$ cat target_31.txt   # compact mmCIF, C-alpha atoms and all ligand atoms
# COMPACT_ATOMS: atom_id res chain seq x y z
CA MET X 1 -77.19 -120.44 113.56
CA LYS X 2 -74.01 -118.81 114.90
CA LYS X 3 -71.75 -117.53 112.13
CA ILE X 4 -68.05 -117.78 112.95
CA SER X 5 -64.79 -116.15 111.87
CA LEU X 6 -61.76 -118.27 112.75
CA LEU X 7 -58.16 -117.04 112.84
CA GLY X 8 -55.47 -119.75 112.75
CA ALA X 9 -57.76 -122.47 111.36
CA THR X 10 -54.90 -124.77 110.29
CA GLY X 11 -53.31 -124.90 113.77
CA SER X 12 -53.93 -127.15 116.75
CA ILE X 13 -56.74 -125.02 118.27
CA GLY X 14 -57.99 -124.06 114.81
CA LEU X 15 -58.48 -127.65 113.68
CA GLN X 16 -60.16 -128.59 116.96
CA THR X 17 -62.51 -125.62 116.44
CA ILE X 18 -63.25 -127.00 112.96
CA ASP X 19 -64.06 -130.37 114.61
CA VAL X 20 -66.55 -128.71 116.95
CA ILE X 21 -68.16 -126.79 114.06
CA GLN X 22 -68.40 -129.92 111.89
CA ALA X 23 -69.92 -131.95 114.72
CA ASN X 24 -72.63 -129.28 115.20
CA LYS X 25 -73.42 -128.05 111.69
CA GLU X 26 -77.00 -127.19 112.62
CA MET X 27 -75.66 -124.73 115.19
CA PHE X 28 -72.47 -123.26 113.70
CA GLN X 29 -71.37 -122.01 110.30
CA LEU X 30 -67.78 -121.15 109.36
CA GLN X 31 -68.13 -117.90 107.44
CA ALA X 32 -64.50 -116.84 107.20
CA PHE X 33 -61.14 -118.21 108.25
CA SER X 34 -57.43 -117.50 108.10
CA SER X 35 -54.48 -119.82 107.76
CA GLY X 36 -50.78 -119.16 107.39
CA LYS X 37 -48.75 -121.25 104.97
CA ASN X 38 -50.36 -124.67 105.22
CA LEU X 39 -52.19 -124.76 101.87
CA GLU X 40 -53.04 -128.46 101.98
CA GLN X 41 -54.97 -128.04 105.23
CA THR X 42 -56.48 -124.77 103.95
CA ARG X 43 -57.94 -126.59 100.94
CA LYS X 44 -59.35 -129.36 103.15
CA ILE X 45 -61.17 -126.81 105.33
CA ILE X 46 -62.53 -124.99 102.25
CA ASP X 47 -63.76 -128.28 100.74
CA ALA X 48 -65.43 -129.35 103.98
CA LEU X 49 -67.04 -126.08 105.08
CA GLN X 50 -67.32 -123.79 102.02
CA PRO X 51 -66.66 -120.44 103.74
CA GLU X 52 -67.22 -117.08 102.02
CA LEU X 53 -63.83 -115.57 102.80
CA VAL X 54 -60.35 -117.03 103.34
CA SER X 55 -57.09 -115.30 104.26
CA VAL X 56 -53.62 -116.80 103.76
CA GLN X 57 -50.25 -115.34 104.67
CA ASP X 58 -48.79 -114.80 101.17
CA GLU X 59 -50.33 -112.99 98.21
CA GLN X 60 -49.16 -115.64 95.70
CA ASP X 61 -51.00 -118.34 97.65
CA ALA X 62 -54.16 -116.22 97.70
CA LEU X 63 -54.00 -115.78 93.91
CA GLN X 64 -53.44 -119.51 93.37
CA LEU X 65 -56.39 -120.44 95.62
CA ALA X 66 -58.64 -117.87 93.91
CA LYS X 67 -58.14 -119.68 90.61
CA ALA X 68 -59.11 -123.02 92.15
CA TYR X 69 -62.15 -121.66 94.05
CA PRO X 70 -63.74 -118.89 91.94
CA THR X 71 -66.80 -118.47 94.22
CA ILE X 72 -64.74 -117.77 97.36
CA SER X 73 -62.99 -114.47 98.20
CA PHE X 74 -59.30 -114.66 99.09
CA VAL X 75 -57.27 -112.05 100.95
CA HIS X 76 -53.80 -112.16 102.48
CA GLY X 77 -51.33 -110.81 105.04
CA ALA X 78 -52.05 -108.58 108.02
CA GLN X 79 -55.06 -106.93 106.32
CA GLY X 80 -56.41 -110.40 105.47
CA LEU X 81 -56.54 -111.28 109.19
CA ILE X 82 -58.50 -108.08 109.85
CA ASP X 83 -60.89 -108.82 106.95
CA VAL X 84 -61.62 -112.28 108.36
CA ALA X 85 -62.04 -110.98 111.92
CA THR X 86 -64.45 -108.24 110.80
CA HIS X 87 -66.53 -110.22 108.29
CA PRO X 88 -69.88 -108.37 108.50
CA GLU X 89 -72.03 -111.49 108.90
CA THR X 90 -70.14 -113.16 111.75
CA THR X 91 -71.03 -112.65 115.39
CA ILE X 92 -68.16 -114.65 116.93
CA LEU X 93 -64.44 -114.41 116.30
CA VAL X 94 -62.41 -117.43 117.44
CA ASN X 95 -58.86 -116.14 117.69
CA ALA X 96 -56.55 -119.16 117.47
CA VAL X 97 -53.73 -117.54 115.56
CA LEU X 98 -50.23 -117.74 117.00
CA GLY X 99 -48.51 -114.71 118.46
CA SER X 100 -48.99 -110.96 118.75
CA VAL X 101 -50.03 -110.82 115.07
CA GLY X 102 -53.50 -111.54 116.56
CA LEU X 103 -53.73 -108.14 118.27
CA ALA X 104 -54.85 -105.88 115.39
CA PRO X 105 -57.63 -108.22 114.13
CA THR X 106 -58.88 -108.72 117.70
CA LEU X 107 -59.17 -104.96 118.25
CA ALA X 108 -60.89 -104.59 114.88
CA ALA X 109 -63.49 -107.27 115.75
CA ILE X 110 -64.05 -105.76 119.21
CA ARG X 111 -64.80 -102.41 117.56
CA MET X 112 -67.63 -104.18 115.71
CA SER X 113 -68.92 -105.54 119.06
CA LYS X 114 -68.33 -109.17 118.10
CA THR X 115 -67.97 -111.86 120.74
CA ILE X 116 -64.29 -112.83 121.02
CA ALA X 117 -63.43 -116.43 121.93
CA ILE X 118 -59.73 -116.02 122.62
CA ALA X 119 -57.07 -118.72 122.64
CA ASN X 120 -54.36 -116.34 121.35
CA LYS X 121 -52.84 -115.45 124.74
CA GLU X 122 -49.98 -113.38 123.28
CA THR X 123 -52.54 -110.71 122.31
CA LEU X 124 -53.73 -110.43 125.92
CA VAL X 125 -50.17 -110.34 127.22
CA THR X 126 -48.82 -107.72 124.83
CA ALA X 127 -51.81 -105.34 125.01
CA GLY X 128 -54.27 -106.62 127.62
CA HIS X 129 -55.15 -103.14 128.88
CA LEU X 130 -56.11 -101.97 125.34
CA VAL X 131 -58.11 -105.11 124.55
CA MET X 132 -60.13 -105.00 127.78
CA ALA X 133 -60.75 -101.23 127.58
CA GLU X 134 -62.01 -101.52 123.99
CA ALA X 135 -64.12 -104.58 124.87
CA LYS X 136 -65.81 -102.58 127.63
CA LYS X 137 -66.32 -99.56 125.36
CA TYR X 138 -67.83 -101.59 122.50
CA ASN X 139 -69.68 -104.10 124.69
CA ALA X 140 -67.81 -107.05 123.15
CA PRO X 141 -67.75 -110.16 125.38
CA ILE X 142 -64.30 -111.77 125.74
CA LEU X 143 -64.64 -115.51 126.37
CA PRO X 144 -61.55 -117.51 127.35
CA VAL X 145 -60.56 -120.61 125.37
CA ASP X 146 -57.26 -121.35 127.14
CA SER X 147 -58.08 -124.37 129.34
CA GLU X 148 -57.02 -122.76 132.64
CA HIS X 149 -58.93 -119.53 131.97
CA SER X 150 -62.01 -121.40 130.83
CA ALA X 151 -61.74 -123.34 134.11
CA LEU X 152 -61.44 -120.12 136.13
CA PHE X 153 -64.34 -118.58 134.19
CA GLN X 154 -66.51 -121.65 134.83
CA SER X 155 -65.51 -121.72 138.52
CA MET X 156 -66.65 -118.09 138.88
CA ASN X 157 -70.01 -118.63 137.22
CA GLY X 158 -72.77 -116.94 139.23
CA GLU X 159 -70.34 -115.72 141.93
CA ASN X 160 -69.77 -112.13 142.97
CA PRO X 161 -66.19 -111.27 141.84
CA LYS X 162 -65.64 -109.27 145.04
CA ASN X 163 -65.74 -112.53 147.05
CA ILE X 164 -62.82 -114.09 145.14
CA SER X 165 -59.61 -114.21 147.19
CA ARG X 166 -57.23 -116.15 144.91
CA LEU X 167 -56.87 -117.70 141.47
CA ILE X 168 -54.88 -120.95 141.39
CA ILE X 169 -53.60 -121.88 137.94
CA THR X 170 -52.42 -125.45 137.45
CA ALA X 171 -49.28 -126.35 135.46
CA SER X 172 -48.31 -129.77 134.17
CA GLY X 173 -44.58 -128.98 134.42
CA GLY X 174 -44.04 -129.57 130.71
CA SER X 175 -41.69 -131.91 128.85
CA PHE X 176 -38.77 -131.56 131.30
CA ARG X 177 -40.56 -131.62 134.62
CA ASP X 178 -38.50 -134.58 135.85
CA ARG X 179 -35.14 -132.98 135.01
CA THR X 180 -33.10 -130.48 136.99
CA ARG X 181 -32.21 -127.14 135.41
CA ALA X 182 -28.60 -128.29 134.99
CA GLU X 183 -29.84 -131.24 132.93
CA LEU X 184 -31.48 -128.92 130.39
CA LYS X 185 -28.30 -127.57 128.81
CA HIS X 186 -28.18 -129.95 125.86
CA VAL X 187 -31.84 -130.99 125.41
CA THR X 188 -33.06 -131.18 121.80
CA VAL X 189 -36.06 -129.66 120.06
CA LYS X 190 -37.50 -133.16 119.71
CA ASP X 191 -37.26 -133.75 123.49
CA ALA X 192 -38.84 -130.37 124.21
CA LEU X 193 -41.78 -131.02 121.87
CA ASN X 194 -42.80 -134.11 123.82
CA HIS X 195 -45.51 -132.71 126.13
CA PRO X 196 -46.71 -135.22 128.74
CA ASN X 197 -50.46 -134.45 128.55
CA TRP X 198 -51.44 -132.23 125.64
CA SER X 199 -50.94 -132.34 121.87
CA MET X 200 -50.44 -128.68 120.89
CA GLY X 201 -48.62 -126.44 118.42
CA ALA X 202 -44.81 -126.25 118.64
CA LYS X 203 -44.51 -122.77 120.18
CA ILE X 204 -46.86 -123.36 123.12
CA THR X 205 -45.27 -126.77 123.75
CA ILE X 206 -41.87 -125.09 124.16
CA ASP X 207 -43.48 -122.37 126.33
CA SER X 208 -44.87 -125.13 128.49
CA ALA X 209 -41.40 -126.68 128.89
CA THR X 210 -39.80 -123.33 129.90
CA MET X 211 -42.90 -122.52 132.05
CA MET X 212 -43.31 -119.27 130.09
CA ASN X 213 -46.71 -120.67 129.08
CA LYS X 214 -47.74 -120.44 132.74
CA GLY X 215 -46.18 -116.97 132.94
CA LEU X 216 -48.25 -115.84 129.96
CA GLU X 217 -51.30 -117.45 131.57
CA VAL X 218 -50.76 -115.60 134.87
CA ILE X 219 -50.75 -112.31 132.91
CA GLU X 220 -53.74 -113.50 130.87
CA ALA X 221 -55.64 -114.21 134.13
CA HIS X 222 -54.70 -110.78 135.53
CA VAL X 223 -56.02 -109.16 132.34
CA LEU X 224 -59.21 -111.22 131.95
CA PHE X 225 -60.27 -111.31 135.60
CA ASP X 226 -58.75 -108.08 136.93
CA MET X 227 -56.96 -109.94 139.72
CA PRO X 228 -53.78 -108.52 141.38
CA TYR X 229 -50.62 -110.59 140.82
CA ASP X 230 -50.19 -111.38 144.53
CA GLN X 231 -53.57 -113.12 144.40
CA ILE X 232 -52.58 -115.43 141.53
CA ASP X 233 -50.80 -118.70 142.37
CA VAL X 234 -49.37 -121.44 140.16
CA LEU X 235 -49.63 -125.05 141.31
CA LEU X 236 -47.77 -127.96 139.74
CA HIS X 237 -50.29 -130.67 138.89
CA ARG X 238 -48.85 -133.43 136.72
CA GLU X 239 -52.07 -134.91 135.40
CA SER X 240 -53.76 -131.78 133.90
CA ILE X 241 -57.13 -132.99 135.22
CA ILE X 242 -57.89 -130.01 137.45
CA HIS X 243 -57.67 -127.19 134.93
CA SER X 244 -57.59 -124.40 137.56
CA LEU X 245 -59.23 -123.34 140.82
CA VAL X 246 -60.83 -120.26 142.40
CA GLU X 247 -60.56 -119.65 146.14
CA TYR X 248 -63.23 -117.53 147.87
CA GLU X 249 -63.19 -115.37 151.01
CA ASP X 250 -64.92 -118.08 153.05
CA THR X 251 -62.03 -120.53 152.16
CA SER X 252 -64.19 -122.51 149.70
CA VAL X 253 -62.32 -123.56 146.58
CA ILE X 254 -64.22 -124.20 143.33
CA ALA X 255 -62.40 -125.98 140.50
CA GLN X 256 -63.16 -127.24 137.00
CA LEU X 257 -62.02 -130.74 136.06
CA GLY X 258 -61.97 -132.74 132.85
CA THR X 259 -59.87 -134.96 130.63
CA PRO X 260 -57.21 -132.96 128.72
CA ASP X 261 -59.29 -132.20 125.59
CA MET X 262 -59.19 -128.64 124.22
CA ARG X 263 -62.43 -129.19 122.31
CA ALA X 264 -64.29 -128.82 125.65
CA PRO X 265 -63.22 -125.20 126.40
CA ILE X 266 -63.46 -124.32 122.68
CA GLN X 267 -67.03 -125.63 122.52
CA TYR X 268 -67.97 -123.98 125.82
CA ALA X 269 -66.87 -120.59 124.45
CA LEU X 270 -69.00 -121.19 121.34
CA THR X 271 -72.13 -122.36 123.17
CA TYR X 272 -71.84 -120.17 126.31
CA PRO X 273 -73.89 -119.99 128.48
CA GLU X 274 -75.35 -123.28 127.21
CA ARG X 275 -73.63 -126.68 127.19
CA ILE X 276 -74.06 -129.38 124.57
CA PRO X 277 -72.63 -132.93 124.36
CA LEU X 278 -68.99 -133.10 123.23
CA GLN X 279 -68.76 -135.58 120.34
CA ASN X 280 -66.32 -138.52 120.53
CA SER X 281 -65.14 -137.55 123.99
CA GLN X 282 -64.02 -139.50 127.02
CA ARG X 283 -65.73 -138.91 130.35
CA LEU X 284 -63.54 -138.25 133.36
CA SER X 285 -63.25 -141.23 135.71
CA LEU X 286 -61.44 -140.21 138.90
CA ALA X 287 -61.82 -143.76 140.21
CA ASP X 288 -59.72 -145.01 137.28
CA ILE X 289 -57.13 -142.25 137.74
CA GLY X 290 -56.84 -142.95 141.49
CA THR X 291 -54.34 -140.32 142.59
CA LEU X 292 -53.78 -136.70 141.60
CA HIS X 293 -50.45 -135.00 142.40
CA PHE X 294 -49.69 -131.43 143.50
CA GLU X 295 -46.39 -129.65 144.14
CA LYS X 296 -45.27 -126.17 145.06
CA MET X 297 -43.82 -124.14 142.19
CA ASP X 298 -40.03 -123.69 142.14
CA PHE X 299 -39.32 -120.23 140.66
CA LYS X 300 -35.55 -120.86 140.41
CA ARG X 301 -36.04 -124.03 138.39
CA TYR X 302 -38.62 -122.29 136.19
CA LYS X 303 -36.97 -118.89 135.75
CA ALA X 304 -39.31 -117.81 132.92
CA LEU X 305 -42.27 -117.88 135.31
CA GLN X 306 -40.47 -115.46 137.64
CA LEU X 307 -39.66 -113.18 134.67
CA ALA X 308 -43.33 -113.15 133.66
CA PHE X 309 -44.46 -112.24 137.19
CA ASP X 310 -41.83 -109.45 137.20
CA ALA X 311 -43.05 -108.10 133.86
CA GLY X 312 -46.69 -108.36 134.93
CA ARG X 313 -46.06 -106.44 138.16
CA GLU X 314 -44.15 -103.72 136.28
CA GLY X 315 -46.79 -103.42 133.51
CA GLY X 316 -46.60 -101.22 130.38
CA THR X 317 -44.34 -102.00 127.43
CA ILE X 318 -42.15 -104.49 129.30
CA LEU X 319 -44.99 -106.96 128.72
CA THR X 320 -44.72 -106.41 124.96
CA ALA X 321 -40.93 -106.71 125.11
CA MET X 322 -41.08 -109.91 127.15
CA ASN X 323 -43.67 -111.48 124.86
CA ALA X 324 -41.84 -110.52 121.64
CA ALA X 325 -38.51 -111.71 123.07
CA ASN X 326 -40.10 -115.03 123.97
CA GLU X 327 -41.73 -115.44 120.53
CA ALA X 328 -38.42 -114.67 118.80
CA ALA X 329 -36.33 -116.85 121.13
CA VAL X 330 -38.67 -119.84 120.86
CA ALA X 331 -38.64 -119.53 117.05
CA ALA X 332 -34.81 -119.49 117.16
CA PHE X 333 -34.73 -122.56 119.42
CA LEU X 334 -37.12 -124.40 117.07
CA GLN X 335 -34.69 -123.62 114.23
CA ASP X 336 -31.74 -124.94 116.29
CA LYS X 337 -30.14 -121.48 116.41
CA ILE X 338 -30.00 -121.32 120.22
CA GLY X 339 -30.13 -123.82 123.07
CA PHE X 340 -33.11 -124.43 125.35
CA LEU X 341 -31.71 -122.49 128.33
CA ASP X 342 -30.86 -119.56 126.05
CA ILE X 343 -34.59 -118.83 125.74
CA ASP X 344 -34.74 -117.61 129.36
CA GLU X 345 -31.43 -115.77 128.96
CA VAL X 346 -32.64 -113.85 125.90
CA ILE X 347 -35.87 -112.82 127.65
CA GLU X 348 -34.00 -111.75 130.79
CA ARG X 349 -31.53 -109.63 128.79
CA VAL X 350 -34.30 -107.95 126.81
CA MET X 351 -36.22 -107.16 129.99
CA HIS X 352 -33.09 -105.86 131.69
CA GLU X 353 -32.35 -103.47 128.81
CA HIS X 354 -35.96 -102.34 128.33
CA GLN X 355 -37.14 -98.83 129.31
CA THR X 356 -40.79 -99.26 130.19
CA ILE X 357 -43.42 -96.92 128.83
CA ARG X 358 -46.63 -96.86 130.91
CA GLN X 359 -50.11 -97.14 129.37
CA PRO X 360 -48.78 -97.55 125.79
CA ASP X 361 -51.06 -96.98 122.81
CA LEU X 362 -51.32 -99.43 119.90
CA GLU X 363 -48.64 -97.68 117.83
CA THR X 364 -46.15 -97.84 120.72
CA ILE X 365 -46.90 -101.52 121.33
CA LEU X 366 -46.41 -102.44 117.67
CA HIS X 367 -43.14 -100.44 117.62
CA VAL X 368 -41.76 -102.12 120.77
CA ASP X 369 -42.81 -105.53 119.41
CA SER X 370 -40.92 -105.12 116.13
CA GLU X 371 -37.86 -103.45 117.75
CA THR X 372 -37.60 -106.27 120.29
CA ARG X 373 -37.66 -108.90 117.54
CA LYS X 374 -34.77 -107.05 115.80
CA GLN X 375 -32.91 -106.85 119.12
CA VAL X 376 -33.23 -110.63 119.60
CA THR X 377 -32.08 -111.31 116.02
CA ASP X 378 -28.94 -109.20 116.69
CA MET X 379 -28.37 -110.94 120.04
CA ILE X 380 -28.29 -114.43 118.59
CA LYS X 381 -26.29 -113.66 115.41
N1 LIG C 1 -52.69 -125.75 121.19
C1 LIG C 1 -53.32 -125.65 122.33
O1 LIG C 1 -53.79 -126.65 122.90
C2 LIG C 1 -53.48 -124.30 123.00
C3 LIG C 1 -53.10 -123.14 122.36
N2 LIG C 1 -53.33 -121.92 122.95
C4 LIG C 1 -52.93 -120.71 122.24
O2 LIG C 1 -53.61 -120.67 121.00
C5 LIG C 1 -52.79 -120.05 120.00
C6 LIG C 1 -52.59 -121.04 118.84
O3 LIG C 1 -51.87 -122.15 119.32
P1 LIG C 1 -51.72 -123.48 118.46
O4 LIG C 1 -53.02 -123.81 117.82
O5 LIG C 1 -51.08 -124.45 119.34
O6 LIG C 1 -50.67 -123.00 117.35
P2 LIG C 1 -50.30 -123.69 115.96
O7 LIG C 1 -48.87 -123.37 115.71
O8 LIG C 1 -50.72 -125.10 115.95
O9 LIG C 1 -51.22 -122.90 114.93
C7 LIG C 1 -51.01 -121.55 114.67
C8 LIG C 1 -51.97 -121.06 113.59
O10 LIG C 1 -51.66 -119.70 113.31
C9 LIG C 1 -51.28 -119.59 111.91
N3 LIG C 1 -50.22 -118.58 111.85
C10 LIG C 1 -49.01 -118.62 112.46
N4 LIG C 1 -48.31 -117.49 112.22
C11 LIG C 1 -49.11 -116.74 111.40
C12 LIG C 1 -48.94 -115.47 110.78
N5 LIG C 1 -47.84 -114.73 110.95
N6 LIG C 1 -49.96 -114.99 110.02
C13 LIG C 1 -51.08 -115.70 109.84
N7 LIG C 1 -51.30 -116.92 110.41
C14 LIG C 1 -50.31 -117.42 111.18
C15 LIG C 1 -50.84 -120.97 111.49
O11 LIG C 1 -50.96 -121.12 110.09
P3 LIG C 1 -50.20 -122.27 109.22
O12 LIG C 1 -50.03 -123.44 110.11
O13 LIG C 1 -51.16 -122.48 108.08
O14 LIG C 1 -48.91 -121.67 108.77
C16 LIG C 1 -51.86 -121.80 112.26
O15 LIG C 1 -53.10 -121.76 111.63
C17 LIG C 1 -51.49 -119.66 120.72
O16 LIG C 1 -51.59 -118.35 121.17
C18 LIG C 1 -51.45 -120.61 121.92
O17 LIG C 1 -50.71 -120.10 122.99
C19 LIG C 1 -53.94 -121.82 124.17
C20 LIG C 1 -54.31 -122.94 124.84
C21 LIG C 1 -54.11 -124.27 124.33
C1 LIG C 2 -54.14 -126.88 126.88
C2 LIG C 2 -53.68 -125.61 127.45
O1 LIG C 2 -54.45 -124.79 127.89
C3 LIG C 2 -52.23 -125.36 127.51
O2 LIG C 2 -51.95 -124.00 127.76
C4 LIG C 2 -51.74 -126.22 128.63
O3 LIG C 2 -52.11 -125.59 129.80
C5 LIG C 2 -50.28 -126.45 128.58
O4 LIG C 2 -49.91 -127.14 129.67
P1 LIG C 2 -48.87 -126.66 130.77
O5 LIG C 2 -48.39 -125.29 130.44
O6 LIG C 2 -49.61 -126.72 132.07
O7 LIG C 2 -47.81 -127.70 130.64
MN MN C 3 -53.37 -123.24 128.96

$ encode --input "target_31.txt" --output "structure tokens"
Amino acid sequence: MKKISLLGATGSIGLQTIDVIQANKEMFQLQAFSSGKNLEQTRKIIDALQPELVSVQDEQDALQLAKAYPTISFVHGAQGLIDVATHPETTILVNAVLGSVGLAPTLAAIRMSKTIAIANKETLVTAGHLVMAEAKKYNAPILPVDSEHSALFQSMNGENPKNISRLIITASGGSFRDRTRAELKHVTVKDALNHPNWSMGAKITIDSATMMNKGLEVIEAHVLFDMPYDQIDVLLHRESIIHSLVEYEDTSVIAQLGTPDMRAPIQYALTYPERIPLQNSQRLSLADIGTLHFEKMDFKRYKALQLAFDAGREGGTILTAMNAANEAAVAAFLQDKIGFLDIDEVIERVMHEHQTIRQPDLETILHVDSETRKQVTDMIK
């Protein structure tokens, strides 16, 4: 029985992780989980899986839940996330929380040598060097959940990393892939939330439309697989069937394919190195699909991807600044405070004004993160 801590249980990845756990109750047990503000969904998960420990964002909510469930422990806030991540009985942390708030609990779980199944890409972008150094020091495996990184990981299985020549990350193009940049000036939140292939949380769906999602994923791949940026390519692939590809020195290319279903990479991270049937899933039929499409990436059309490559190549705190600026700008767009194209503008301005600090420690990263959020708030007043 694998005992699991889950951060972000009420979100898109979180609920799909719950599905995988519920479909394989003889194999997995949910020991502890965190949610944010969605109390209705929190109660449903408690009723279905009876965990020992639950964290919610606000103290009042924790007190209210404690009255309703006297046998369960409730915690809250930033410390609550750490308590869930470090629950002494769990061996795996699934990090599916949104944003850089996932960093501290990830580091805490790594320091207890837990296996980390990571969907929370912002943590790897803002402090990848710290996460990977601590994972090495404490012998904590980091298993990718993001579909592209799971695909890369699977396509490297059994290979010698020194023979890899290139990582090729596929991108659907997002909600506005058939519009020019000029046509994006007045798009609405509702339009932007309409992803062609995946049903995901709001923030990542906007990131996908700006192509910042791919930018974050390029940095995530650099961090996870120690690959230089000039050996990471992005390929437009409308269908999201090929989840990513690895090219080797001898020109062979190995890819991982599948229907767009996040439960597959989530389950693979939980069962690794084994595979088990995926319940209620559709098998891939290439004969039914017929044609797959590929296009070269246009870095002028998708400016955010260029900004992410620039930040990645520079390294240090500009990664934290870029990530925090993006989180703040996307939140402002979702609240109708800025337009869609302003997201790129905000990130570019923040990066332009940022003085990079090399090899930052945790304190510096957390400081840059919160200062950048204040800077963005002032910018859009
Ligand atoms: N969705 C997808 O298919 C994919 C997502 N990812 C990555 O996985 C992560 C999660 O994405 P997704 O599931 O889409 O996001 P959602 O917005 O659907 O879910 C986010 C989760 O985090 C919780 N949360 C948000 N802010 C806080 C906070 N400040 N403190 C505590 N909990 C918080 C939410 O709680 P509540 O709702 O209760 O308020 C919810 O449980 C992101 O990093 C994303 O980039 C990666 C690949 C694919
Ligand atoms: C499901 C997943 O991993 C997302 O990150 C997905 O990749 C988003 O799609 P695009 O960013 O390619 O539009
Ligand atoms: Mn992805």

$ atom_distance --input "target_31.txt" --atom1 "atom C2 of ligand LIG 2 (chain C)" --atom2 "atom CA of X:Trp198"
7.2 Å

$ residues_near_point --input "target_31.txt" --point "(-52.9, -122.1, 146.9)" --cutoff "8 Å" --atoms "only C-alpha atoms" --output "list in words"
Arg166, Ile168, Asp233, Val234 and Leu235 of chain X

$ residues_near_ligand --input "target_31.txt" --ligand "ligand LIG 2 (chain C)" --cutoff "7 Å" --atoms "all atoms listed in the file" --output "list in words"
Asp146, Ser147, Glu148, Thr170, Ala171, Ser172, Gly173, Gly174, Trp198, Ile204, Thr205, Ser208, Ala209, Met211, Asn213, Lys214, Ser240 and Met262 of chain X

$ residues_around --input "target_31.txt" --residues "X:Ile4" --least-positions-apart "3" --cutoff "10 Å" --atoms "all atoms listed in the file" --output "list in words"
Met1, Leu7, Ile21, Phe28, Gln29, Leu30, Gln31, Ala32, Phe33, Pro51, Val84, Ala85, His87, Glu89, Thr90, Thr91, Ile92, Leu93, Val94, Thr115 and Leu270 of chain X

$ closest_atom_pairs --input "target_31.txt" --of "chain X" --to "ligand LIG 1 (chain C)" --cutoff "7 Å" --atoms "all atoms listed in the file" --output "tab-separated table"
residue	atom	partner	partner_atom	distance
X:Gly8	CA	C:LIG1	O15	3.3
X:Ala9	CA	C:LIG1	O15	4.7
X:Thr10	CA	C:LIG1	O15	3.8
X:Gly11	CA	C:LIG1	O9	3.1
X:Ser12	CA	C:LIG1	O4	3.6
X:Ile13	CA	C:LIG1	O4	3.9
X:Gly14	CA	C:LIG1	O4	5.8
X:Ser34	CA	C:LIG1	N7	6.6
X:Ser35	CA	C:LIG1	O13	4.3
X:Gly36	CA	C:LIG1	O11	3.3
X:Lys37	CA	C:LIG1	O14	3.8
X:Asn38	CA	C:LIG1	O13	3.7
X:Leu39	CA	C:LIG1	O13	6.7
X:Val56	CA	C:LIG1	C13	6.7
X:Gln57	CA	C:LIG1	C13	5.2
X:Gly77	CA	C:LIG1	N6	6.6
X:Ala96	CA	C:LIG1	C6	4.6
X:Val97	CA	C:LIG1	O10	3.7
X:Leu98	CA	C:LIG1	C17	4.4
X:Gly99	CA	C:LIG1	O16	5.5
X:Val101	CA	C:LIG1	N5	6.1
X:Ala119	CA	C:LIG1	O2	4.3
X:Asn120	CA	C:LIG1	O16	3.4
X:Lys121	CA	C:LIG1	O16	4.8
X:Glu122	CA	C:LIG1	O16	5.6
X:Val145	CA	C:LIG1	C20	6.7
X:Asp146	CA	C:LIG1	C20	4.1
X:Ser147	CA	C:LIG1	C20	6.0
X:Trp198	CA	C:LIG1	O1	6.6
X:Ser199	CA	C:LIG1	O1	6.4
X:Met200	CA	C:LIG1	N1	3.7
X:Gly201	CA	C:LIG1	O5	3.3
X:Ala202	CA	C:LIG1	O7	5.8
X:Lys203	CA	C:LIG1	O7	6.3
X:Ile204	CA	C:LIG1	O17	5.0
X:Met262	CA	C:LIG1	O1	5.9

$ closest_residue --input "target_31.txt" --among "X:Gly158, X:Pro70, X:Gly215, X:Gly102" --to "ligand MN 3 (chain C)" --atoms "all atoms listed in the file"
X:Gly215

$ residues_around --input "target_31.txt" --residues "X:Glu345" --least-positions-apart "3" --cutoff "12 Å" --atoms "only C-alpha atoms" --output "ChimeraX atom specification"
/X:210,303-304,307,322,325-326,329-330,338-342,348-352,376,379-380

$ write_last_selection --input "target_31.txt" --atoms "C-alpha atoms" --output "PDB file, in the coordinates of the input"
ATOM      1  CA  THR X 210     -39.800-123.330 129.900  1.00  0.00           C
ATOM      2  CA  LYS X 303     -36.970-118.890 135.750  1.00  0.00           C
ATOM      3  CA  ALA X 304     -39.310-117.810 132.920  1.00  0.00           C
ATOM      4  CA  LEU X 307     -39.660-113.180 134.670  1.00  0.00           C
ATOM      5  CA  MET X 322     -41.080-109.910 127.150  1.00  0.00           C
ATOM      6  CA  ALA X 325     -38.510-111.710 123.070  1.00  0.00           C
ATOM      7  CA  ASN X 326     -40.100-115.030 123.970  1.00  0.00           C
ATOM      8  CA  ALA X 329     -36.330-116.850 121.130  1.00  0.00           C
ATOM      9  CA  VAL X 330     -38.670-119.840 120.860  1.00  0.00           C
ATOM     10  CA  ILE X 338     -30.000-121.320 120.220  1.00  0.00           C
ATOM     11  CA  GLY X 339     -30.130-123.820 123.070  1.00  0.00           C
ATOM     12  CA  PHE X 340     -33.110-124.430 125.350  1.00  0.00           C
ATOM     13  CA  LEU X 341     -31.710-122.490 128.330  1.00  0.00           C
ATOM     14  CA  ASP X 342     -30.860-119.560 126.050  1.00  0.00           C
ATOM     15  CA  GLU X 348     -34.000-111.750 130.790  1.00  0.00           C
ATOM     16  CA  ARG X 349     -31.530-109.630 128.790  1.00  0.00           C
ATOM     17  CA  VAL X 350     -34.300-107.950 126.810  1.00  0.00           C
ATOM     18  CA  MET X 351     -36.220-107.160 129.990  1.00  0.00           C
ATOM     19  CA  HIS X 352     -33.090-105.860 131.690  1.00  0.00           C
ATOM     20  CA  VAL X 376     -33.230-110.630 119.600  1.00  0.00           C
ATOM     21  CA  MET X 379     -28.370-110.940 120.040  1.00  0.00           C
ATOM     22  CA  ILE X 380     -28.290-114.430 118.590  1.00  0.00           C
TER      23      ILE X 380
END
